[in-house]
Each structure stands twice: as structure tokens, then as C-alpha cells.
$ cat protein_34.cif   # mmCIF, N, CA and C atoms
data_entry
#
loop_
_atom_site.label_atom_id
_atom_site.label_comp_id
_atom_site.auth_asym_id
_atom_site.auth_seq_id
_atom_site.Cartn_x
_atom_site.Cartn_y
_atom_site.Cartn_z
N MET J 712 18.60 -11.62 2.06
CA MET J 712 17.23 -12.08 1.85
C MET J 712 16.54 -11.16 0.85
N ALA J 713 15.90 -11.76 -0.12
CA ALA J 713 15.22 -10.98 -1.15
C ALA J 713 13.98 -10.30 -0.58
N ASP J 714 13.70 -9.13 -1.10
CA ASP J 714 12.52 -8.38 -0.69
C ASP J 714 11.28 -9.14 -1.18
N PRO J 715 10.29 -9.38 -0.33
CA PRO J 715 9.07 -10.07 -0.77
C PRO J 715 8.40 -9.31 -1.92
N GLN J 716 7.73 -10.05 -2.78
CA GLN J 716 7.06 -9.44 -3.93
C GLN J 716 5.75 -8.77 -3.57
N PHE J 717 5.07 -9.28 -2.55
CA PHE J 717 3.72 -8.81 -2.24
C PHE J 717 3.57 -8.39 -0.79
N LEU J 718 2.61 -7.51 -0.58
CA LEU J 718 2.10 -7.29 0.78
C LEU J 718 0.60 -7.55 0.70
N TYR J 719 0.02 -7.78 1.86
CA TYR J 719 -1.41 -8.07 1.96
C TYR J 719 -2.06 -6.93 2.71
N LEU J 720 -2.85 -6.16 1.99
CA LEU J 720 -3.46 -4.94 2.50
C LEU J 720 -4.90 -5.21 2.90
N THR J 721 -5.25 -4.82 4.12
CA THR J 721 -6.62 -4.99 4.61
C THR J 721 -7.24 -3.61 4.84
N THR J 722 -8.40 -3.41 4.23
CA THR J 722 -9.16 -2.18 4.37
C THR J 722 -10.57 -2.53 4.86
N ALA J 723 -11.28 -1.53 5.36
CA ALA J 723 -12.68 -1.72 5.75
C ALA J 723 -13.56 -1.28 4.59
N GLY J 724 -14.49 -2.13 4.20
CA GLY J 724 -15.40 -1.81 3.11
C GLY J 724 -16.18 -0.54 3.39
N TRP J 725 -16.22 0.36 2.44
CA TRP J 725 -16.85 1.65 2.68
C TRP J 725 -18.36 1.56 2.76
N LYS J 726 -18.96 0.50 2.23
CA LYS J 726 -20.41 0.32 2.35
C LYS J 726 -20.75 -0.62 3.50
N THR J 727 -20.01 -1.72 3.61
CA THR J 727 -20.36 -2.78 4.55
C THR J 727 -19.58 -2.72 5.86
N GLY J 728 -18.39 -2.12 5.82
CA GLY J 728 -17.53 -2.13 6.99
C GLY J 728 -16.78 -3.45 7.16
N LYS J 729 -17.05 -4.42 6.29
CA LYS J 729 -16.36 -5.71 6.36
C LYS J 729 -14.90 -5.56 5.93
N GLN J 730 -14.05 -6.39 6.51
CA GLN J 730 -12.63 -6.37 6.17
C GLN J 730 -12.41 -6.98 4.78
N HIS J 731 -11.60 -6.28 3.97
CA HIS J 731 -11.26 -6.76 2.64
C HIS J 731 -9.74 -6.80 2.52
N ARG J 732 -9.22 -7.92 2.03
CA ARG J 732 -7.77 -8.07 1.90
C ARG J 732 -7.41 -8.31 0.44
N ILE J 733 -6.35 -7.62 0.02
CA ILE J 733 -5.83 -7.82 -1.34
C ILE J 733 -4.34 -8.13 -1.26
N GLU J 734 -3.85 -8.81 -2.27
CA GLU J 734 -2.43 -9.05 -2.45
C GLU J 734 -1.97 -8.04 -3.50
N ILE J 735 -0.89 -7.31 -3.20
CA ILE J 735 -0.49 -6.22 -4.10
C ILE J 735 1.02 -6.02 -4.05
N TRP J 736 1.58 -5.59 -5.18
CA TRP J 736 3.00 -5.22 -5.24
C TRP J 736 3.23 -3.99 -4.39
N TYR J 737 4.45 -3.85 -3.88
CA TYR J 737 4.76 -2.70 -3.03
C TYR J 737 6.25 -2.39 -3.11
N VAL J 738 6.58 -1.19 -2.67
CA VAL J 738 7.98 -0.79 -2.44
C VAL J 738 8.03 -0.05 -1.11
N LYS J 739 9.22 -0.03 -0.52
CA LYS J 739 9.42 0.69 0.73
C LYS J 739 10.35 1.87 0.45
N ASN J 740 10.02 3.01 1.08
CA ASN J 740 10.81 4.22 0.88
C ASN J 740 10.71 5.06 2.15
N ASN J 741 11.84 5.32 2.80
CA ASN J 741 11.89 6.17 4.00
C ASN J 741 10.91 5.72 5.10
N GLY J 742 10.86 4.43 5.36
CA GLY J 742 10.04 3.92 6.44
C GLY J 742 8.56 3.79 6.14
N LYS J 743 8.16 4.13 4.93
CA LYS J 743 6.77 4.01 4.51
C LYS J 743 6.70 3.03 3.35
N TYR J 744 5.51 2.54 3.10
CA TYR J 744 5.30 1.56 2.05
C TYR J 744 4.37 2.17 1.01
N TYR J 745 4.59 1.79 -0.24
CA TYR J 745 3.82 2.37 -1.34
C TYR J 745 3.31 1.27 -2.25
N VAL J 746 2.05 1.43 -2.65
CA VAL J 746 1.41 0.53 -3.59
C VAL J 746 0.81 1.38 -4.69
N MET J 747 0.45 0.74 -5.80
CA MET J 747 -0.15 1.47 -6.91
C MET J 747 -1.45 0.81 -7.33
N SER J 748 -2.42 1.63 -7.62
CA SER J 748 -3.70 1.16 -8.12
C SER J 748 -3.76 1.34 -9.62
N GLU J 749 -3.79 0.24 -10.33
CA GLU J 749 -3.88 0.29 -11.78
C GLU J 749 -5.22 0.91 -12.22
N LEU J 750 -6.25 0.74 -11.40
CA LEU J 750 -7.57 1.27 -11.72
C LEU J 750 -7.80 2.67 -11.13
N GLY J 751 -6.76 3.23 -10.53
CA GLY J 751 -6.89 4.57 -9.95
C GLY J 751 -7.90 4.59 -8.83
N LYS J 752 -8.67 5.67 -8.76
CA LYS J 752 -9.65 5.84 -7.68
C LYS J 752 -10.86 4.92 -7.82
N ALA J 753 -10.98 4.23 -8.94
CA ALA J 753 -12.11 3.33 -9.15
C ALA J 753 -11.93 1.99 -8.44
N ALA J 754 -10.71 1.67 -8.05
CA ALA J 754 -10.47 0.40 -7.36
C ALA J 754 -11.21 0.39 -6.03
N HIS J 755 -11.83 -0.74 -5.70
CA HIS J 755 -12.60 -0.82 -4.46
C HIS J 755 -11.75 -0.52 -3.23
N TRP J 756 -10.52 -1.03 -3.21
CA TRP J 756 -9.67 -0.81 -2.04
C TRP J 756 -9.29 0.66 -1.90
N VAL J 757 -9.15 1.37 -3.01
CA VAL J 757 -8.87 2.81 -2.95
C VAL J 757 -10.10 3.56 -2.45
N ARG J 758 -11.26 3.14 -2.89
CA ARG J 758 -12.50 3.76 -2.40
C ARG J 758 -12.64 3.52 -0.90
N ASN J 759 -12.28 2.31 -0.45
CA ASN J 759 -12.33 2.02 0.99
C ASN J 759 -11.42 2.97 1.76
N ILE J 760 -10.20 3.15 1.28
CA ILE J 760 -9.23 4.04 1.94
C ILE J 760 -9.73 5.48 1.94
N SER J 761 -10.36 5.90 0.87
CA SER J 761 -10.88 7.27 0.80
C SER J 761 -11.93 7.53 1.86
N HIS J 762 -12.67 6.51 2.25
CA HIS J 762 -13.69 6.64 3.29
C HIS J 762 -13.16 6.40 4.68
N ASP J 763 -12.16 5.52 4.80
CA ASP J 763 -11.57 5.20 6.11
C ASP J 763 -10.10 4.86 5.90
N PRO J 764 -9.21 5.78 6.23
CA PRO J 764 -7.78 5.57 5.96
C PRO J 764 -7.09 4.59 6.90
N LYS J 765 -7.80 4.08 7.92
CA LYS J 765 -7.18 3.11 8.82
C LYS J 765 -7.05 1.78 8.09
N ILE J 766 -5.84 1.23 8.09
CA ILE J 766 -5.56 0.00 7.37
C ILE J 766 -4.67 -0.90 8.23
N SER J 767 -4.52 -2.12 7.77
CA SER J 767 -3.47 -2.98 8.29
C SER J 767 -2.85 -3.66 7.08
N PHE J 768 -1.61 -4.05 7.21
CA PHE J 768 -0.98 -4.78 6.12
C PHE J 768 0.06 -5.73 6.67
N ARG J 769 0.30 -6.77 5.87
CA ARG J 769 1.22 -7.83 6.28
C ARG J 769 2.24 -8.06 5.17
N ILE J 770 3.49 -8.19 5.61
CA ILE J 770 4.57 -8.57 4.71
C ILE J 770 5.26 -9.76 5.37
N ASN J 771 5.22 -10.90 4.69
CA ASN J 771 5.70 -12.14 5.30
C ASN J 771 5.01 -12.33 6.64
N ARG J 772 5.76 -12.38 7.74
CA ARG J 772 5.14 -12.59 9.05
C ARG J 772 5.00 -11.31 9.86
N LEU J 773 5.27 -10.18 9.27
CA LEU J 773 5.15 -8.91 9.98
C LEU J 773 3.81 -8.25 9.64
N THR J 774 3.11 -7.82 10.68
CA THR J 774 1.83 -7.13 10.50
C THR J 774 1.96 -5.70 11.02
N PHE J 775 1.40 -4.77 10.27
CA PHE J 775 1.44 -3.36 10.62
C PHE J 775 0.01 -2.82 10.67
N ASN J 776 -0.27 -1.95 11.62
CA ASN J 776 -1.48 -1.13 11.60
C ASN J 776 -1.02 0.25 11.17
N GLY J 777 -1.88 0.95 10.44
CA GLY J 777 -1.45 2.26 9.99
C GLY J 777 -2.55 3.03 9.30
N HIS J 778 -2.11 4.03 8.58
CA HIS J 778 -3.00 4.90 7.81
C HIS J 778 -2.52 4.92 6.36
N ALA J 779 -3.48 5.06 5.47
CA ALA J 779 -3.18 5.15 4.04
C ALA J 779 -3.65 6.49 3.52
N ARG J 780 -2.96 6.94 2.49
CA ARG J 780 -3.38 8.19 1.84
C ARG J 780 -2.96 8.14 0.38
N LEU J 781 -3.69 8.88 -0.43
CA LEU J 781 -3.35 8.98 -1.85
C LEU J 781 -2.24 10.01 -2.01
N VAL J 782 -1.24 9.68 -2.78
CA VAL J 782 -0.16 10.62 -3.07
C VAL J 782 -0.61 11.50 -4.23
N GLU J 783 -0.44 12.80 -4.07
CA GLU J 783 -0.82 13.75 -5.12
C GLU J 783 0.40 14.07 -5.97
N PRO J 784 0.49 13.49 -7.18
CA PRO J 784 1.71 13.63 -7.98
C PRO J 784 2.07 15.07 -8.36
N LEU J 785 1.09 15.95 -8.50
CA LEU J 785 1.40 17.34 -8.85
C LEU J 785 1.99 18.09 -7.67
N LYS J 786 1.50 17.81 -6.47
CA LYS J 786 2.00 18.49 -5.27
C LYS J 786 3.22 17.78 -4.68
N GLU J 787 3.35 16.49 -4.95
CA GLU J 787 4.43 15.68 -4.38
C GLU J 787 5.21 15.01 -5.50
N SER J 788 5.66 15.80 -6.44
CA SER J 788 6.29 15.25 -7.64
C SER J 788 7.57 14.47 -7.33
N GLN J 789 8.36 14.93 -6.36
CA GLN J 789 9.60 14.23 -6.03
C GLN J 789 9.29 12.85 -5.44
N LEU J 790 8.35 12.79 -4.52
CA LEU J 790 7.96 11.51 -3.93
C LEU J 790 7.38 10.58 -4.99
N ALA J 791 6.50 11.10 -5.82
CA ALA J 791 5.89 10.29 -6.88
C ALA J 791 6.97 9.73 -7.82
N ALA J 792 7.95 10.53 -8.15
CA ALA J 792 9.04 10.07 -9.02
C ALA J 792 9.88 8.99 -8.34
N GLN J 793 10.16 9.17 -7.05
CA GLN J 793 10.93 8.16 -6.31
C GLN J 793 10.20 6.82 -6.28
N VAL J 794 8.92 6.87 -5.94
CA VAL J 794 8.13 5.64 -5.86
C VAL J 794 8.03 4.98 -7.24
N SER J 795 7.78 5.77 -8.26
CA SER J 795 7.69 5.22 -9.62
C SER J 795 9.00 4.56 -10.02
N ASP J 796 10.12 5.19 -9.70
CA ASP J 796 11.43 4.60 -10.02
C ASP J 796 11.64 3.28 -9.29
N LEU J 797 11.28 3.24 -8.00
CA LEU J 797 11.43 2.00 -7.22
C LEU J 797 10.54 0.89 -7.78
N MET J 798 9.32 1.21 -8.17
CA MET J 798 8.42 0.22 -8.74
C MET J 798 8.95 -0.28 -10.09
N LYS J 799 9.49 0.62 -10.88
CA LYS J 799 10.03 0.25 -12.19
C LYS J 799 11.19 -0.72 -12.04
N VAL J 800 12.07 -0.45 -11.06
CA VAL J 800 13.23 -1.34 -10.83
C VAL J 800 12.77 -2.70 -10.31
N LYS J 801 11.85 -2.71 -9.36
CA LYS J 801 11.44 -3.96 -8.72
C LYS J 801 10.53 -4.81 -9.61
N TYR J 802 9.61 -4.17 -10.35
CA TYR J 802 8.59 -4.91 -11.10
C TYR J 802 8.57 -4.64 -12.59
N ASP J 803 9.40 -3.70 -13.05
CA ASP J 803 9.38 -3.27 -14.44
C ASP J 803 7.98 -2.74 -14.82
N TRP J 804 7.36 -2.06 -13.85
CA TRP J 804 6.02 -1.49 -14.04
C TRP J 804 5.87 -0.33 -13.06
N ASP J 805 5.26 0.74 -13.53
CA ASP J 805 5.12 1.91 -12.64
C ASP J 805 3.91 2.77 -12.99
N GLN J 806 2.85 2.13 -13.46
CA GLN J 806 1.68 2.89 -13.89
C GLN J 806 0.54 2.75 -12.90
N GLY J 807 0.08 3.85 -12.35
CA GLY J 807 -1.07 3.79 -11.47
C GLY J 807 -1.06 4.89 -10.44
N LEU J 808 -2.14 4.93 -9.69
CA LEU J 808 -2.31 5.87 -8.60
C LEU J 808 -1.48 5.38 -7.41
N ILE J 809 -0.63 6.25 -6.88
CA ILE J 809 0.25 5.86 -5.77
C ILE J 809 -0.48 6.07 -4.45
N VAL J 810 -0.40 5.04 -3.59
CA VAL J 810 -1.00 5.10 -2.26
C VAL J 810 0.10 4.84 -1.24
N GLU J 811 0.19 5.71 -0.26
CA GLU J 811 1.19 5.58 0.80
C GLU J 811 0.58 4.87 1.99
N LEU J 812 1.29 3.88 2.52
CA LEU J 812 0.90 3.16 3.72
C LEU J 812 1.90 3.51 4.80
N GLU J 813 1.42 4.16 5.84
CA GLU J 813 2.32 4.57 6.92
C GLU J 813 2.00 3.79 8.19
N PRO J 814 2.96 2.97 8.65
CA PRO J 814 2.74 2.27 9.91
C PRO J 814 2.54 3.27 11.05
N LEU J 815 1.66 2.93 12.00
CA LEU J 815 1.41 3.83 13.13
C LEU J 815 2.64 3.99 14.00
N ASN J 816 3.41 2.92 14.13
CA ASN J 816 4.66 3.00 14.89
C ASN J 816 5.60 1.96 14.33
N SER J 817 6.79 1.97 14.81
CA SER J 817 7.79 1.03 14.31
C SER J 817 7.66 -0.33 14.97
N GLY J 818 6.65 -0.49 15.83
CA GLY J 818 6.45 -1.76 16.53
C GLY J 818 5.86 -2.80 15.63
N GLU J 819 6.70 -3.51 14.92
CA GLU J 819 6.24 -4.57 14.03
C GLU J 819 5.89 -5.78 14.88
N LYS J 820 4.85 -6.47 14.49
CA LYS J 820 4.39 -7.61 15.26
C LYS J 820 4.45 -8.85 14.40
N ALA J 821 5.14 -9.86 14.83
CA ALA J 821 5.23 -11.11 14.09
C ALA J 821 3.97 -11.91 14.31
N ILE J 822 3.45 -12.45 13.22
CA ILE J 822 2.27 -13.31 13.30
C ILE J 822 2.72 -14.73 13.57
N PRO J 823 2.12 -15.41 14.53
CA PRO J 823 2.49 -16.82 14.78
C PRO J 823 2.19 -17.67 13.55
N SER J 824 3.05 -18.63 13.29
CA SER J 824 2.82 -19.49 12.11
C SER J 824 1.89 -20.63 12.42
#

$ encode --input "protein_34.cif" --output "C-alpha cells"
Amino acid sequence: MADPQFLYLTTAGWKTGKQHRIEIWYVKNNGKYYVMSELGKAAHWVRNISHDPKISFRINRLTFNGHARLVEPLKESQLAAQVSDLMKVKYDWDQGLIVELEPLNSGEKAIPS
């Protein structure tokens, strides 16, 4: 089965607290998921995460609750290189701020169709 192209990331708005969902490219590495912000820290969803790292995300019918954090490429150069390489292979694109999505536990929950 081919790896899905997108995940759906839900964050809480940093001003309103309302739920915001985006569709975004992702890669998986060592049990964590990674996305990239083309707009860097200026992206609304990145600003939301900076204020409240609690997130949820969905891939196909699996939903995860977790925490997000910005990857610091200077301090985490090996991780940043791995994620960039995976994004380049999957999407032929690897430019942006890397954000790590870590599921709270391995208990994946299927969403009813």
C-alpha cells in the first residue's frame, strides 16, 4: 500500500482557540511524523503550535493526539538532514521549517467512515 500523500493537522488558534485544520505533506521517521512550513514561523499553523503544542492529526482513517515542536536545524542537524532527505524522495521538495509531530502514544484510533 502506498504511503498517503497528506496528513490533516489540527491546531488550536492562538488568538481564538478555535480548531484549525490544514492538509499538508508529511514523512514518518522513527515513529514520529514531520511536516514543513514553506512560510516558516509566519505560517498561522506554526504560530498556533508555538502558543499551544497540543495537536491532533489524521492520516487516512487513523487519528493521533500529540504534541508538535519546531526542529532546530543547527542543534539537530542529523534529524533535519534525515527529514529533508525523506521529503526530497517523497515529494521532490525539501524547503521549509521542519515541525515534528509526536503521537502521545501508539494507540492509533480508527475513525468510523

$ resolve_selection --input "protein_34.cif" --expression "the PyMOL selection byres ((chain J and resi 769) around 7)" --output "list in words"
Phe717, Leu718, Tyr719, Leu720, Thr721, Ser767, Phe768, Ile770, Asn771, Arg772, Leu773, Thr774 and Phe775 of chain J

$ residues_around --input "protein_34.cif" --residues "range 790-805 of chain J" --least-positions-apart "5" --cutoff "10 Å" --atoms "only C-alpha atoms" --output "count of residues only"
19

$ resolve_selection --input "protein_34.cif" --expression "the PyMOL selection byres ((chain J and resi 752-762) around 7)" --output "PyMOL selection string"
chain J and resi 722-726+748-751+763-765+779-780+808

$ write_last_selection --input "protein_34.cif" --atoms "N, CA and C atoms" --output "JSON list (two decimals), in the frame of the given file"
[["chain", "number", "residue", "atom", "x", "y", "z"],
["J", 722, "THR", "N", -8.40, -3.41, 4.23],
["J", 722, "THR", "CA", -9.16, -2.18, 4.37],
["J", 722, "THR", "C", -10.57, -2.53, 4.86],
["J", 723, "ALA", "N", -11.28, -1.53, 5.36],
["J", 723, "ALA", "CA", -12.68, -1.72, 5.75],
["J", 723, "ALA", "C", -13.56, -1.28, 4.59],
["J", 724, "GLY", "N", -14.49, -2.13, 4.20],
["J", 724, "GLY", "CA", -15.40, -1.81, 3.11],
["J", 724, "GLY", "C", -16.18, -0.54, 3.39],
["J", 725, "TRP", "N", -16.22, 0.36, 2.44],
["J", 725, "TRP", "CA", -16.85, 1.65, 2.68],
["J", 725, "TRP", "C", -18.36, 1.56, 2.76],
["J", 726, "LYS", "N", -18.96, 0.50, 2.23],
["J", 726, "LYS", "CA", -20.41, 0.32, 2.35],
["J", 726, "LYS", "C", -20.75, -0.62, 3.50],
["J", 748, "SER", "N", -2.42, 1.63, -7.62],
["J", 748, "SER", "CA", -3.70, 1.16, -8.12],
["J", 748, "SER", "C", -3.76, 1.34, -9.62],
["J", 749, "GLU", "N", -3.79, 0.24, -10.33],
["J", 749, "GLU", "CA", -3.88, 0.29, -11.78],
["J", 749, "GLU", "C", -5.22, 0.91, -12.22],
["J", 750, "LEU", "N", -6.25, 0.74, -11.40],
["J", 750, "LEU", "CA", -7.57, 1.27, -11.72],
["J", 750, "LEU", "C", -7.80, 2.67, -11.13],
["J", 751, "GLY", "N", -6.76, 3.23, -10.53],
["J", 751, "GLY", "CA", -6.89, 4.57, -9.95],
["J", 751, "GLY", "C", -7.90, 4.59, -8.83],
["J", 763, "ASP", "N", -12.16, 5.52, 4.80],
["J", 763, "ASP", "CA", -11.57, 5.20, 6.11],
["J", 763, "ASP", "C", -10.10, 4.86, 5.90],
["J", 764, "PRO", "N", -9.21, 5.78, 6.23],
["J", 764, "PRO", "CA", -7.78, 5.57, 5.96],
["J", 764, "PRO", "C", -7.09, 4.59, 6.90],
["J", 765, "LYS", "N", -7.80, 4.08, 7.92],
["J", 765, "LYS", "CA", -7.18, 3.11, 8.82],
["J", 765, "LYS", "C", -7.05, 1.78, 8.09],
["J", 779, "ALA", "N", -3.48, 5.06, 5.47],
["J", 779, "ALA", "CA", -3.18, 5.15, 4.04],
["J", 779, "ALA", "C", -3.65, 6.49, 3.52],
["J", 780, "ARG", "N", -2.96, 6.94, 2.49],
["J", 780, "ARG", "CA", -3.38, 8.19, 1.84],
["J", 780, "ARG", "C", -2.96, 8.14, 0.38],
["J", 808, "LEU", "N", -2.14, 4.93, -9.69],
["J", 808, "LEU", "CA", -2.31, 5.87, -8.60],
["J", 808, "LEU", "C", -1.48, 5.38, -7.41]]

$ residues_around --input "protein_34.cif" --residues "Gly742 in chain J" --least-positions-apart "5" --cutoff "7 Å" --atoms "all atoms listed in the file" --output "list in words"
Leu812, Glu813 and Pro814 of chain J

$ select_by_dssp --input "protein_34.cif" --residues "chain J" --states "strand (DSSP E or B)" --output "PyMOL selection string"
chain J and resi 717-723+730-736+738-740+743-748+765-770+773-781+808-814+820-821

$ select_by_dssp --input "protein_34.cif" --residues "range 780-813 of chain J" --states "helix (DSSP H, G or I)" --output "VMD selection string"
chain J and resid 788 to 802

$ atom_distance --input "protein_34.cif" --atom1 "CA of Gly728 in chain J" --atom2 "CA of Pro715 in chain J"
28.8 Å

$ atom_distance --input "protein_34.cif" --atom1 "atom N of Glu734 in chain J" --atom2 "atom C of Ile809 in chain J"
15.4 Å

$ atom_distance --input "protein_34.cif" --atom1 "atom N of Ala713 in chain J" --atom2 "CA of Ile733 in chain J"
22.1 Å
